[in-house]
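The file upload_17.cif comes next; it holds mmCIF, C-alpha atoms.
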```
data_model
loop_
_atom_site.label_atom_id
_atom_site.label_comp_id
_atom_site.auth_asym_id
_atom_site.auth_seq_id
_atom_site.Cartn_x
_atom_site.Cartn_y
_atom_site.Cartn_z
CA MET A 292 109.64 71.31 83.37
CA GLU A 293 111.53 67.99 83.66
CA THR A 294 114.51 67.92 81.30
CA SER A 295 116.11 64.50 81.83
CA LYS A 296 114.98 60.86 82.01
CA ASP A 297 116.61 57.94 83.76
CA LYS A 298 117.45 54.81 81.78
CA VAL A 299 117.13 52.55 84.86
CA GLU A 300 113.68 51.71 86.23
CA HIS A 301 113.90 52.82 89.87
CA LEU A 302 111.77 51.69 92.78
CA LEU A 303 111.04 55.30 93.80
CA ALA A 304 109.25 58.09 91.98
CA LEU A 305 110.09 61.77 92.47
CA LYS A 306 107.50 64.52 92.01
CA VAL A 307 108.17 68.25 92.32
CA MET A 308 105.42 70.87 92.44
CA ARG A 309 105.85 74.61 92.80
CA LEU A 310 103.75 76.15 95.58
CA THR A 311 102.09 79.38 94.51
CA ARG A 312 98.86 81.21 95.10
CA PRO A 313 95.89 80.62 92.76
CA SER A 314 94.37 83.22 90.45
CA LEU A 315 90.78 84.15 89.66
CA LEU A 316 89.05 82.22 86.91
CA SER A 317 87.96 84.63 84.16
CA PRO A 318 84.75 83.55 82.37
CA LEU A 319 84.53 83.87 78.59
CA ILE A 320 82.33 86.86 77.76
CA VAL A 321 80.22 86.67 74.59
CA THR A 322 77.29 89.09 74.71
CA THR A 323 74.93 90.85 72.33
CA ASP A 324 72.44 93.69 72.33
CA GLN A 325 68.78 92.85 72.91
CA LYS A 326 67.89 94.14 69.42
CA ASP A 327 70.33 91.73 67.75
CA LEU A 328 69.20 88.39 66.33
CA PRO A 329 70.22 86.22 69.34
CA GLY A 330 68.37 88.61 71.65
CA THR A 331 69.06 87.85 75.31
CA LEU A 332 70.15 84.27 74.65
CA LEU A 333 73.88 84.87 75.22
CA ASN A 334 73.28 87.15 78.21
CA ASP A 335 71.06 84.52 79.82
CA PHE A 336 73.80 81.95 79.27
CA LEU A 337 76.34 84.23 81.03
CA LYS A 338 73.98 84.63 84.00
CA SER A 339 73.63 80.86 84.29
CA ASP A 340 77.40 80.29 84.19
CA VAL A 341 78.58 79.16 87.64
CA THR A 342 81.89 81.03 87.29
CA SER A 343 80.31 84.47 86.86
CA VAL A 344 79.40 86.85 89.69
CA PRO A 345 75.68 87.83 89.75
CA GLY A 346 75.26 91.36 88.46
CA SER A 347 78.82 91.45 87.04
CA GLU A 348 78.57 88.92 84.24
CA THR A 349 80.00 91.21 81.55
CA ILE A 350 83.11 92.49 83.35
CA ALA A 351 84.98 89.16 83.70
CA ALA A 352 84.47 89.07 87.47
CA SER A 353 84.59 85.62 89.01
CA GLY A 354 84.02 84.05 92.40
CA PHE A 355 86.15 81.00 91.65
CA LEU A 356 89.86 80.42 92.16
CA LEU A 357 91.88 78.81 89.39
CA LEU A 358 94.68 76.48 90.43
CA PRO A 359 98.01 77.09 88.64
CA GLN A 360 98.21 75.20 85.36
CA CYS A 361 101.93 75.73 84.74
CA PHE A 362 105.12 76.69 86.55
CA GLY A 363 104.35 80.40 86.15
CA SER A 364 106.63 83.42 86.43
CA ILE A 365 109.12 83.96 89.26
CA TYR A 366 110.35 87.46 89.94
CA LEU A 367 113.52 88.64 91.63
CA GLY A 368 112.89 89.29 95.32
CA GLU A 369 110.07 86.76 95.69
CA THR A 370 110.21 83.52 97.69
CA PHE A 371 110.46 80.35 95.60
CA SER A 372 108.56 77.53 97.32
CA CYS A 373 108.12 73.96 96.12
CA TYR A 374 106.74 70.65 97.39
CA ILE A 375 108.90 67.57 96.82
CA CYS A 376 107.44 64.06 97.18
CA ILE A 377 109.24 60.70 97.03
CA HIS A 378 106.92 57.72 96.56
CA ASN A 379 107.69 54.02 96.77
CA HIS A 380 105.61 52.54 93.93
CA SER A 381 107.25 49.10 94.15
CA ASN A 382 106.18 46.01 96.12
CA GLN A 383 109.26 45.91 98.37
CA THR A 384 110.67 47.95 101.22
CA VAL A 385 113.34 50.50 100.35
CA LYS A 386 115.94 51.47 102.97
CA ASP A 387 118.16 54.45 103.68
CA VAL A 388 116.27 56.86 101.45
CA THR A 389 117.99 60.23 101.36
CA PHE A 390 117.12 63.37 99.42
CA LYS A 391 119.22 66.36 98.37
CA ALA A 392 118.08 69.53 96.57
CA THR A 393 120.39 72.22 95.22
CA LEU A 394 119.69 75.36 93.23
CA GLN A 395 122.22 76.40 90.63
CA THR A 396 122.31 80.09 89.64
CA GLY A 397 124.62 82.03 87.40
CA THR A 398 127.11 82.58 90.24
CA SER A 399 126.61 79.89 92.91
CA ASN A 400 125.18 76.53 93.98
CA ILE A 401 122.78 76.75 96.95
CA LEU A 402 121.86 73.76 99.12
CA LEU A 403 118.11 73.83 99.85
CA SER A 404 117.66 70.58 101.78
CA SER A 405 119.16 69.50 105.11
CA ASP A 406 122.89 68.75 105.25
CA PRO A 407 123.63 65.94 105.92
CA PRO A 408 120.38 64.56 104.47
CA ASN A 409 118.09 62.58 106.73
CA SER A 410 117.65 58.90 105.85
CA THR A 411 114.43 56.89 106.19
CA ASP A 412 112.89 53.57 105.15
CA LEU A 413 109.85 53.37 102.87
CA VAL A 414 107.46 50.43 102.79
CA PRO A 415 105.48 49.77 99.57
CA GLY A 416 103.08 52.64 98.86
CA ALA A 417 104.68 54.95 101.44
CA THR A 418 105.87 58.50 100.71
CA VAL A 419 108.21 61.06 102.21
CA ASP A 420 107.86 64.73 101.39
CA GLU A 421 109.49 68.07 102.08
CA VAL A 422 108.67 71.72 101.46
CA ILE A 423 111.58 74.03 100.67
CA HIS A 424 111.71 77.81 100.48
CA HIS A 425 114.31 80.11 98.95
CA ASP A 426 114.45 83.90 98.62
CA VAL A 427 115.40 84.59 95.00
CA LYS A 428 118.25 87.11 94.89
CA GLU A 429 119.49 86.70 91.30
CA PHE A 430 117.70 86.99 87.99
CA GLY A 431 118.32 84.81 84.97
CA PRO A 432 118.20 81.00 84.49
CA HIS A 433 118.00 78.78 87.59
CA ILE A 434 118.29 74.97 87.72
CA LEU A 435 116.76 72.98 90.58
CA THR A 436 118.57 69.66 90.99
CA CYS A 437 116.88 66.91 93.04
CA GLU A 438 118.92 63.79 93.90
CA VAL A 439 117.47 60.67 95.57
CA SER A 440 119.60 57.83 96.99
CA TYR A 441 118.37 54.51 98.44
CA CYS A 442 119.17 50.84 99.00
CA SER A 443 117.07 47.94 97.72
CA THR A 444 116.46 45.02 100.10
CA THR A 445 116.12 42.36 97.36
CA LEU A 446 117.68 43.47 94.08
CA SER A 447 121.04 44.67 95.29
CA SER A 448 122.73 45.93 98.40
CA ASP A 449 124.50 48.66 96.47
CA LEU A 450 123.48 52.27 96.83
CA LEU A 451 121.18 53.37 94.01
CA SER A 452 120.54 56.97 93.06
CA PHE A 453 118.98 59.14 90.40
CA ARG A 454 118.69 62.86 89.70
CA LYS A 455 116.18 65.09 88.00
CA PHE A 456 116.60 68.67 86.81
CA PHE A 457 114.03 71.46 86.69
CA LYS A 458 114.89 74.70 84.91
CA PHE A 459 113.09 78.03 85.37
CA GLU A 460 113.74 81.70 84.62
CA VAL A 461 113.79 84.48 87.21
CA LEU A 462 112.57 87.82 85.82
CA LYS A 463 113.07 91.38 87.00
CA PRO A 464 109.87 92.77 88.59
CA LEU A 465 110.90 96.42 88.77
CA ASP A 466 113.03 98.78 86.72
CA VAL A 467 114.73 101.29 89.03
CA LYS A 468 116.50 104.40 87.73
CA THR A 469 118.24 106.89 90.04
CA LYS A 470 119.77 110.36 89.77
CA ILE A 471 121.91 112.03 92.45
CA TYR A 472 122.32 115.79 92.92
CA ASN A 473 124.83 117.52 95.23
CA ILE A 474 123.50 120.70 96.86
CA GLU A 475 124.69 123.09 99.56
CA SER A 476 125.85 122.13 103.06
CA ASN A 477 126.75 118.56 102.03
CA GLU A 478 123.12 117.74 101.35
CA VAL A 479 122.38 115.25 98.57
CA CYS A 480 119.10 114.80 96.70
CA LEU A 481 118.24 111.38 95.28
CA GLU A 482 115.56 111.00 92.59
CA ALA A 483 114.32 107.43 92.04
CA GLN A 484 111.95 106.20 89.32
CA VAL A 485 110.35 102.80 89.96
CA GLN A 486 108.54 101.06 87.07
CA ASN A 487 106.41 97.92 87.29
CA ILE A 488 107.58 95.61 84.48
CA THR A 489 105.58 92.54 85.59
CA SER A 490 102.45 91.29 83.83
CA GLY A 491 100.14 92.19 86.75
CA SER A 492 99.44 94.96 89.21
CA LEU A 493 101.61 95.50 92.30
CA VAL A 494 101.08 97.24 95.62
CA LEU A 495 104.20 98.99 96.92
CA GLU A 496 104.26 98.49 100.69
CA ASN A 497 107.47 100.37 101.31
CA VAL A 498 110.01 102.38 99.33
CA SER A 499 112.74 103.68 101.61
CA LEU A 500 116.34 104.82 101.42
CA GLU A 501 118.72 103.04 103.80
CA THR A 502 121.53 105.54 104.28
CA SER A 503 125.09 105.31 105.53
CA PRO A 504 125.66 105.85 109.29
CA ILE A 505 126.63 109.52 108.93
CA PHE A 506 123.60 110.58 106.83
CA HIS A 507 119.90 110.93 107.54
CA ALA A 508 117.32 110.54 104.74
CA GLU A 509 114.11 112.55 104.50
CA LYS A 510 111.34 111.65 102.04
CA MET A 511 110.35 114.78 100.14
CA ASN A 512 107.17 113.69 98.29
CA ILE A 513 104.23 111.78 99.77
CA ASN A 514 101.00 111.20 97.82
CA GLU A 515 97.97 110.60 99.99
CA GLY A 516 94.39 109.79 99.06
CA GLU A 517 91.25 111.22 100.59
CA ASN A 518 91.28 108.61 103.35
CA GLY A 519 94.88 109.45 104.27
CA LEU A 520 96.31 106.15 103.00
CA SER A 521 99.25 106.09 100.66
CA LEU A 522 98.26 105.36 97.04
CA ASN A 523 100.92 102.92 95.88
CA ILE A 524 99.03 100.67 93.45
CA MET A 525 101.03 100.21 90.23
CA ALA A 526 99.52 98.87 87.02
CA PRO A 527 101.78 97.05 84.51
CA ASN A 528 104.35 99.45 82.97
CA GLU A 529 103.30 102.23 85.38
CA SER A 530 106.05 104.31 87.00
CA LYS A 531 106.30 106.24 90.25
CA GLN A 532 108.93 108.78 91.25
CA TYR A 533 110.39 109.33 94.70
CA LEU A 534 112.61 112.13 96.00
CA TYR A 535 114.85 111.92 99.05
CA CYS A 536 117.14 114.47 100.68
CA THR A 537 120.07 113.19 102.73
CA LYS A 538 121.72 115.40 105.36
CA PRO A 539 124.64 114.82 107.73
CA ARG A 540 123.43 113.63 111.14
CA PRO A 541 123.85 116.33 113.79
CA ASP A 542 125.13 113.79 116.35
CA VAL A 543 127.95 112.56 114.07
CA LYS A 544 131.20 114.42 114.59
CA CYS A 545 133.20 114.70 111.37
CA ASP A 546 134.81 117.55 109.48
CA ILE A 547 133.98 118.91 106.03
CA LYS A 548 136.67 116.87 104.28
CA GLU A 549 135.48 113.62 105.84
CA LEU A 550 131.89 114.37 104.83
CA ASN A 551 132.98 115.21 101.32
CA ASN A 552 135.07 112.05 100.96
CA THR A 553 132.08 109.89 102.01
CA THR A 554 130.58 109.07 98.62
CA TYR A 555 128.28 106.21 99.75
CA ILE A 556 124.70 107.52 100.07
CA GLY A 557 122.77 104.31 100.71
CA LYS A 558 120.55 101.85 98.85
CA LEU A 559 116.85 101.69 98.03
CA ASP A 560 114.75 99.06 99.80
CA ILE A 561 111.49 98.23 97.98
CA VAL A 562 108.80 95.89 99.34
CA TRP A 563 105.72 95.00 97.29
CA ARG A 564 102.83 92.55 97.14
CA SER A 565 101.04 91.00 94.18
CA ASN A 566 97.27 90.80 93.65
CA PHE A 567 96.96 87.80 95.98
CA GLY A 568 99.34 89.08 98.63
CA GLU A 569 102.58 87.37 97.56
CA ARG A 570 105.39 89.40 99.08
CA GLY A 571 108.55 90.47 97.29
CA ARG A 572 111.54 92.54 98.30
CA LEU A 573 114.22 94.19 96.20
CA GLN A 574 117.30 96.15 97.22
CA THR A 575 119.40 98.15 94.79
CA SER A 576 123.17 98.12 94.74
CA GLN A 577 125.09 100.79 96.65
CA LEU A 578 124.34 104.33 95.47
CA ASN A 579 127.33 106.68 95.39
CA ARG A 580 127.68 110.38 94.76
CA LEU A 581 130.54 112.31 93.22
CA ALA A 582 132.77 114.00 95.78
CA GLN A 583 132.60 117.77 95.65
CA LYS A 584 135.80 119.56 94.73
CA PHE A 585 136.75 122.64 96.73
CA GLY A 586 139.97 124.37 97.75
CA ASP A 587 141.30 125.44 101.11
CA LEU A 588 138.16 127.46 101.86
CA TYR A 589 134.61 126.10 101.78
CA LEU A 590 131.65 128.50 101.70
CA SER A 591 128.17 127.22 102.59
CA ILE A 592 124.70 128.68 103.13
CA GLU A 593 123.20 128.64 106.63
CA LYS A 594 120.07 130.76 106.13
CA ILE A 595 118.32 132.03 103.01
CA PRO A 596 114.66 132.54 102.04
CA SER A 597 113.45 130.54 99.04
CA ILE A 598 111.46 133.53 97.69
CA ILE A 599 112.39 137.20 97.96
CA TYR A 600 110.82 140.40 96.63
CA ILE A 601 112.41 142.67 94.05
CA GLY A 602 113.83 145.88 95.49
CA GLU A 603 113.51 144.64 99.08
CA GLU A 604 116.59 144.08 101.25
CA VAL A 605 117.10 140.54 102.53
CA GLU A 606 119.66 138.93 104.85
CA ILE A 607 121.59 135.76 103.93
CA GLY A 608 123.59 133.70 106.43
CA PHE A 609 126.93 132.20 105.33
CA LYS A 610 129.59 129.99 106.93
CA ILE A 611 133.21 129.89 105.84
CA THR A 612 135.36 126.84 106.77
CA ASN A 613 139.14 126.51 106.62
CA THR A 614 139.69 123.02 105.16
CA SER A 615 143.47 123.38 104.90
CA ASP A 616 146.07 122.20 107.43
CA HIS A 617 147.33 125.71 108.28
CA THR A 618 145.95 128.91 109.85
CA MET A 619 144.46 131.57 107.56
CA GLU A 620 143.49 135.23 108.04
CA ILE A 621 140.56 136.17 105.81
CA ASN A 622 139.36 139.48 104.38
CA LEU A 623 135.91 139.60 102.77
CA CYS A 624 135.43 141.51 99.51
CA LEU A 625 132.20 141.94 97.52
CA VAL A 626 131.84 142.33 93.76
CA GLN A 627 128.68 144.08 92.53
CA TYR A 628 126.56 142.38 89.86
CA PRO A 629 123.86 144.05 87.68
CA LYS A 630 121.07 141.71 88.88
CA PHE A 631 121.42 142.47 92.60
CA ALA A 632 123.27 144.87 94.90
CA TRP A 633 125.31 144.03 97.99
CA ILE A 634 124.51 146.22 101.02
CA GLY A 635 127.44 146.89 103.36
CA ALA A 636 131.16 147.55 103.34
CA SER A 637 133.62 145.51 101.29
CA GLY A 638 137.08 144.55 102.49
CA ILE A 639 136.14 143.76 106.11
CA SER A 640 138.16 141.21 108.09
CA LEU A 641 136.64 137.89 109.13
CA GLY A 642 139.51 137.22 111.52
CA VAL A 643 141.87 134.30 111.88
CA LEU A 644 140.68 130.77 111.14
CA GLY A 645 142.59 127.71 112.35
CA SER A 646 142.61 124.40 110.49
CA ASN A 647 139.05 122.95 110.23
CA ALA A 648 137.68 126.04 112.00
CA SER A 649 134.51 127.82 110.81
CA LYS A 650 133.00 131.27 111.12
CA SER A 651 129.43 132.39 110.44
CA PHE A 652 128.56 135.80 109.02
CA SER A 653 125.62 137.55 107.35
CA LEU A 654 125.34 139.72 104.24
CA ASN A 655 122.44 141.81 102.93
CA ILE A 656 121.46 142.07 99.26
CA VAL A 657 118.78 143.87 97.24
CA PRO A 658 117.56 141.98 94.12
CA LEU A 659 117.18 144.14 91.02
CA CYS A 660 115.75 141.62 88.49
CA LEU A 661 112.86 139.17 88.51
CA GLY A 662 113.16 135.40 88.12
CA LEU A 663 115.63 132.77 89.29
CA GLN A 664 118.86 134.57 90.21
CA SER A 665 122.27 133.19 91.23
CA ILE A 666 124.15 134.63 94.19
CA SER A 667 127.67 135.50 93.07
CA GLY A 668 130.46 137.97 93.74
CA ILE A 669 132.00 136.90 97.07
CA ARG A 670 135.80 137.04 97.29
CA MET A 671 138.02 135.87 100.15
CA ASN A 672 141.55 137.33 100.35
CA GLU A 673 144.06 135.41 102.49
CA VAL A 674 146.48 137.84 104.17
CA TYR A 675 149.50 135.54 104.68
CA SER A 676 149.69 133.91 101.23
CA LYS A 677 148.09 136.81 99.29
CA SER A 678 145.72 134.27 97.69
CA THR A 679 142.24 135.14 96.46
CA TYR A 680 139.33 132.65 96.57
CA GLU A 681 136.36 133.38 94.29
CA PHE A 682 132.84 132.15 95.05
CA ASP A 683 130.25 132.49 92.26
CA ASP A 684 126.92 130.73 91.67
CA ILE A 685 126.84 129.85 95.37
CA THR A 686 123.07 129.30 95.41
CA GLN A 687 119.90 130.47 93.67
CA VAL A 688 116.87 132.44 94.84
CA PHE A 689 113.54 133.18 93.18
CA VAL A 690 112.74 136.90 92.89
CA ILE A 691 109.10 137.99 92.52
CA ARG A 692 107.05 141.18 92.84
CA LYS A 693 105.63 141.92 96.25
CA PRO A 694 101.85 141.33 96.43
CA LEU A 695 99.68 144.46 96.51
CA THR A 696 98.07 145.51 99.74
CA GLU A 697 94.29 145.96 99.88
CA GLU A 698 94.69 149.75 99.86
CA GLU A 699 96.97 149.67 96.80
CA TYR A 700 94.60 147.31 95.01
CA GLN A 701 91.60 149.61 95.67
CA LYS A 702 93.51 152.62 94.35
CA ILE A 703 94.34 150.81 91.11
CA LEU A 704 90.75 149.59 90.79
CA THR A 705 89.37 153.14 91.36
CA LYS A 706 91.77 154.60 88.82
CA ALA A 707 90.79 151.98 86.22
CA ASN A 708 87.06 152.66 86.72
CA ASN A 709 87.54 156.41 86.27
#
```

Write-out of the structure in structure tokens:
Amino acid sequence: METSKDKVEHLLALKVMRLTRPSLLSPLIVTTDQKDLPGTLLNDFLKSDVTSVPGSETIAASGFLLLPQCFGSIYLGETFSCYICIHNHSNQTVKDVTFKATLQTGTSNILLSSDPPNSTDLVPGATVDEVIHHDVKEFGPHILTCEVSYCSTTLSSDLLSFRKFFKFEVLKPLDVKTKIYNIESNEVCLEAQVQNITSGSLVLENVSLETSPIFHAEKMNINEGENGLSLNIMAPNESKQYLYCTKPRPDVKCDIKELNNTTYIGKLDIVWRSNFGERGRLQTSQLNRLAQKFGDLYLSIEKIPSIIYIGEEVEIGFKITNTSDHTMEINLCLVQYPKFAWIGASGISLGVLGSNASKSFSLNIVPLCLGLQSISGIRMNEVYSKSTYEFDDITQVFVIRKPLTEEEYQKILTKANN
């Protein structure tokens, strides 16, 4: 890991060691069938191996921990920890020993040690050490620079110093992809796909959506095991999908235009742990939606069933909002479509609406076709300006056949038997 050497022989030695958790030692498995030439010789050797677990010799299970043999991988969101030791290997006392550690990333230089650095004296054979921690927030190449300064009591009174550099790469642990969908009533659905791109398994402790102050997020899908605990173990390259629905908070007072102009939805906060409990945290950048485009009138759905029956009348609740800066008088007109029929009179007045005012009303329809059907055909005529506002594909409903009653089922069964 060390990339530079000093030409001057210094009185102090600098050692840097990364602090990380150990891993399990995996024994080498070489086994044969009893009918083969070696017989049980190799199996007996596995059972006598001190690294193997009794009864699990052939599945690479081990009861021993293996200390890290190299610097290892560092992932974005983890905590980088290292132990730094300064040792006086000379036969004279060294004075005013100071230490400074900085971490250089692609965008900044971060001071990891105390500022100003603390000075100390080291007698022959003495050491001074420090443990530093840093939450990694950028991926890509990082350079840890360690600088030691001191004064010699015999060779020279001048300040001596040397530096050493340690380079390591920070990798991305997760691949996060998001999709945002605008739906009725200023609700927004966020679909997030989280993929484990590390070399080992991860346990997702928390995946949440931190929203803006005017929105509230609701998690739509929760997978639970038989014991009621969330199953969030992710193998390498495995993906999990999450769905959130954000709604305006009822206690926040803002009009339709202000809600529509607020494009910031929030950001995903992901917390995970590795096999040995090392914790990592990752936050995405700000997630924004596209602002909806609507004219002076905004029509939204207040009440609608998700499933309705063909040929059966159903009531739908609407709300019309005047988003303009002037008063409007509205007449409601209905246009008939072949896939459903409006029930009620067309051309009725909804009254006068002031600026940013709203009015709720209900309409009845009878679906005439099966399947997923769009609600269309609402027209709003403004009396003063003679303008017409058309509202089509307002929402969708699923039309099915009504289930048979027990009496109807018995009649069909009797008729089929005869």

Residues matched by the PyMOL selection byres ((chain A and resi 679) around 12) as number ranges by chain: A: 586-588, 619-624, 669-678, 680-682

Name the residues captured by the PyMOL selection byres ((chain A and resi 592-606) around 7) when it is applied to the shown file; answer as a PyMOL selection string. chain A and resi 475-476+591+607-610+653-661+688-693

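Distances to A:Leu578 were evaluated for A:Lys510, A:Ser640, A:Ser503, A:Pro629 using only C-alpha atoms, and the minimum falls at A:Ser503.
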
Residue by residue, what does the PyMOL selection byres ((chain A and resi 436) around 9) grab here? Present the result as an MDAnalysis selection string. chainID A and resid 391:395 434:435 437:438 454:458

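A straight line drawn from atom CA of A:Leu367 to atom CA of A:Ile471 is 24.9 Å long.
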
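For A:Ala648, the set of protein, DNA and RNA residues having any atom at most 12 Å away, when counting all atoms listed in the file and skipping those fewer than 5 positions along the same chain, is Asp546, Ile547, Asp587, Leu588, Tyr589, Lys610, Ile611, Thr612, Asn613, Thr614, Ser615, Asp616, His617, Thr618, Met619, Glu620, Gly642 and Val643 of chain A.
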